[in-house]
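Take a look at the structure below.
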Number of protein chains: 2
Amino acid sequence: MNKKHTIKDIAKLAGVSTGTVDRVLHNRGRVSEEVKTKVNAILKEIDFQPNIIARSLKSNKIINIAVLLPDPKLDAFWSPCLKGIKKIQKEYKSFNVILKTYYFDPLDNQSFLNSSDLVISEKPDAVLFTPFFSKESKQILHQLNELNIVYGTFNNPIFSNAISNFTGPDLYKSGRVAARLMDLITKDGKIIILHIDENYENATYMQKKELGFRDYFNMKDESKNKILAYNLKHTELEKSIGSIFSEHSDICGLFITTSKAHQVINVISDDILKHLSIIGYDLLEDNIKLLKSNKLQFLINQNPEKMVYNGLLQLVEFFLIKKDIPQTNYIPIEIINSENFEYYV
Amino acid sequence: MNKKHTIKDIAKLAGVSTGTVDRVLHNRGRVSEEVKTKVNAILKEIDFQPNIIARSLKSNKIINIAVLLPDPKLDAFWSPCLKGIKKIQKEYKSFNVILKTYYFDPLDNQSFLNSSDLVISEKPDAVLFTPFFSKESKQILHQLNELNIVYGTFNNPIFSNAISNFTGPDLYKSGRVAARLMDLITKDGKIIILHIDENYENATYMQKKELGFRDYFNMKDESKNKILAYNLKHTELEKSIGSIFSEHSDICGLFITTSKAHQVINVISDDILKHLSIIGYDLLEDNIKLLKSNKLQFLINQNPEKMVYNGLLQLVEFFLIKKDIPQTNYIPIEIINSENFEYYV
DNA sequence: AAAGAGTATGTGTTCGAACACATTTTTATC
DNA sequence: GATAAAAATGTGTTCGAACACATACTCTTT
């Protein structure tokens, strides 16, 4: 009953030739309304799924997809992305899918534009990119739309009313997950939220994490904790952290909204650390070391590999099986502690 | 440069026909040593990778895979497995992969044997099954080996020296993950490990979780907690739990090693619950309710869907691309709290 | 040297969908 | 109603690998 149907079967059922079925399937050429309706009815009835194998064997179309992301050499957070790219490449090689990777300097918005120009000049069929700098990203989106290039974005959302596609974490939820963890592992005292980043746009979406974090605590009846937030530059970390701790004596928790927890912890003395609960982001080697030595209690994994993998999968399936590309595709917010990190690296 | 080569190219290069190339590739029929060497040299030189698309289009071999697991209607833990099965089915339908699911009663080892007999009588190419009852499972393994049926096991390991394949959690690690969580959310007091299950074999591997859990605490310098373990039957839960709590006054944490946390929590009064930290397993509806209402702090997700998906993937890839089947394939130990569960259900 | 067996190699069809091309049917125009 | 143009539909080839079948070549054996 789960028999595979072919266009031949459908042709027979509809009393037409395979060519006509093909025309109906692809809205190619002309078919009389009457026949069209009949074939479509049959297609629907038996839920016809064309054999992708045969399809991609025949069509020698090559699907070129470009991936644009910050250079992993400049920020280690991005290096797991390469695994996701390789995985897709391997799985879809026989389907004539070709991926090409382009980097930019995450501290330099001109470099972002240059790389995107290069991407666009090569006229790929689709582009997956990190909308790292929001103003420039909107510019790129505009170009891609003009040229009818399919695209997806990943890692951070971009606030644009242009119809977009995004694969990544729900930042608000991410903050709530951290808050729940923090709530469970701290007693009374102040909790400090630290945003460490000099990129303004980046800071914008860090705010979402903060909002989620605060909301969790606000929604609780008892407010055992007072929550304060700071924006710090990583170049002045030691000084800033020092002054925060001298100003507040009863800090019980730190929530670091970026992958830079290791930089923060490095400038805090062990004496103080002993009484602190710290939650950070991302499985960088330096962060994992701290997890192992119990200086850091939890990491939240944004899973860059999965982001890229899922993002690319959507694009690939759009071409291969004409699957719609969803507006947003949230990936799981993964809680990591000292005992389960190895499954995620 | 990364040009795709076909057997036709190779035939031309070697000055033979495609039929001969085919014979060399598959060691089928007879080919003179001379030609064989020559063709092999060319195959190696250009690193020939046959087009799996074309291969599976042509080969009308149907790959029949049977999946044997407890009836989800009798134990809800198993129902996510069906999603994993459907996913593989959909992805590999065009590759002529056909899956068939068989159930057994998890409380009845005869039913397990009956179902496995049925599976074997249908002579599938491969079988993925839960070795739920260990003695019977060894018997099944033996039969499968005799009949040269490829197989994989999932969910729980089976302790047999027969070469096997297992997809599932590292139970020891799972215990450690729980222990780390428990350590962070409890202060001084007793921690109770509860095994709830009437199946002896099942209990055997629950021991592994207990060992991991205990080891974590043993390896710490300070031993703030005393750990006790009990085996309970779910039919006598109320009585047993009652007597445990009347015997020990300073219980601060419960670690329930099965998916039955909801049953335990239901027989504990809210007054007592308020001072308890509880960690359980698996995202059953009843458990999630408790997570939401904060009566349960953490759940560890064994991700039945992923177990089945990964297990089946290994079998499918064995047939499709002759990929070796690994001995063990541990899946991530996922930490779930009230804020991130929705990504996993 | 012819017949036959065994070995080595070549050819042709197939899988299902895509698409170019061929053919038939309908419609418009005089 | 003949003819051309346009519309509708049918047929045949192709993608790359698998495999059945056909053919060619080699070596015995009489």
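Labels used: A, B, ... for chains in the order of the structure tokens, numbers from 1 for residues in each chain, and numbers from 1 for ligands as shown.
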Need to verify the contact set: segment 10-23 of chain C, 7 Å, only C-alpha atoms (C1' of nucleotides), exclusion of same-chain residues closer than 5 positions in sequence. Can you return it as a VMD selection string?
(chain A and resid 6 51 54 to 55 58 to 59) or (chain B and resid 17 57 to 58) or (chain D and resid 10)
Taking only C-alpha atoms (C1' of nucleotides) into account, what are the residues of chain B at most 12 Å from chain C, put as a PyMOL selection string?
chain B and resi 11+15-24+29-36+53-61+94-96
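Since chain B and chain A share the same sequence, their Cα atoms can be paired directly; the RMSD after superposition is 1.1 Å.
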Have a look at A:Thr328, A:Gln49, A:Asn64, A:Asn218 and name the one nearest to chain B; count only C-alpha atoms.
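Closest to chain B of all the choices is A:Gln49.
Going from atom CA of Ile300 of chain A over to atom CA of Thr257 of chain A, you cover 9.5 Å.
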For Pro50 of chain B, work out the shell of residues within 9 Å, counting only C-alpha atoms (C1' of nucleotides) and skipping chain neighbours fewer than 6 positions away, then give it as a compact mmCIF listing (two decimals) with C-alpha atoms (C1' of nucleotides), in the first residue's frame.
```txt
# COMPACT_ATOMS: atom_id res chain seq x y z
CA HIS B 5 34.29 10.40 -13.35
CA THR B 6 31.99 7.69 -14.58
CA ILE B 7 32.61 4.07 -15.40
C1' DG D 16 25.39 6.57 -14.47
C1' DA D 17 25.53 2.15 -12.76
```
